[in-house]
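J.: What follows is a structure written as structure tokens; I'll ask about it next.
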Amino acid sequence: MRARSALRAERLNHARDVWGQVHALPDAVRQLVRACGISPRQAYRDLQAARRLRAPVPIPEATIAFTVKLPRGMVRALRAQAATTGLSLSAIVSGAIAAQLARSRGRG
């Protein structure tokens, strides 16, 4: 996930907290603008979204890029699967690695 996703989740969680304390929309907008350094329009949008939340938004773990060398055929297969499923290459590879790590836990 991008850093933007984590920041958005944190902002929505903050907006949810603010809305839980301040029920007057103009006051909540002002508080969010001051706390997050965002425009009043964005604060209003975040508060509208936060009002619909039943629970805090999970904050995604930061990701980093690294290079992996794979056989050409495997890369073709990954790209085909990505096109078919609509998932990103990162999502497919992350899922496969997570599954492998889960299977190998407790060994060695």
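Labels used: A, B, ... for chains in the order of the structure tokens, numbers from 1 for residues in each chain, and numbers from 1 for ligands as shown.
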Give me every helix (DSSP H, G or I) residue in chain A, going by DSSP on the backbone, as number ranges by chain.

T.: A: 3-21, 25-36, 40-51, 72-85, 89-104

J.: One decimal, Å: what's the distance from atom CA of Ala49 of chain A over to atom CA of Arg4 of chain A, could you say?

T.: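 About the pair atom CA of Ala49 of chain A and atom CA of Arg4 of chain A: they are 16.5 Å apart.
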
J.: Of the candidates A:Phe66, A:Val18, A:Val29, A:Gly73, which shows the shortest atom-to-atom distance to Ser90 of chain A, using only C-alpha atoms?

T.: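 Residue with the minimum atom-to-atom distance to Ser90 of chain A: A:Phe66.
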
J.: Quick one: of A:Leu87, A:Ala77, A:Ile59, A:Ala102, who's nearest to Leu7 of chain A, counting only C-alpha atoms?

T.: A:Ile59

J.: May I ask which of the residues A:Ala24, A:Val93, A:Ala9, A:Leu101 is the closest one to Leu70 of chain A, counting only C-alpha atoms?

T.: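 Checking each candidate against Leu70 of chain A, we get A:Val93 as the closest.
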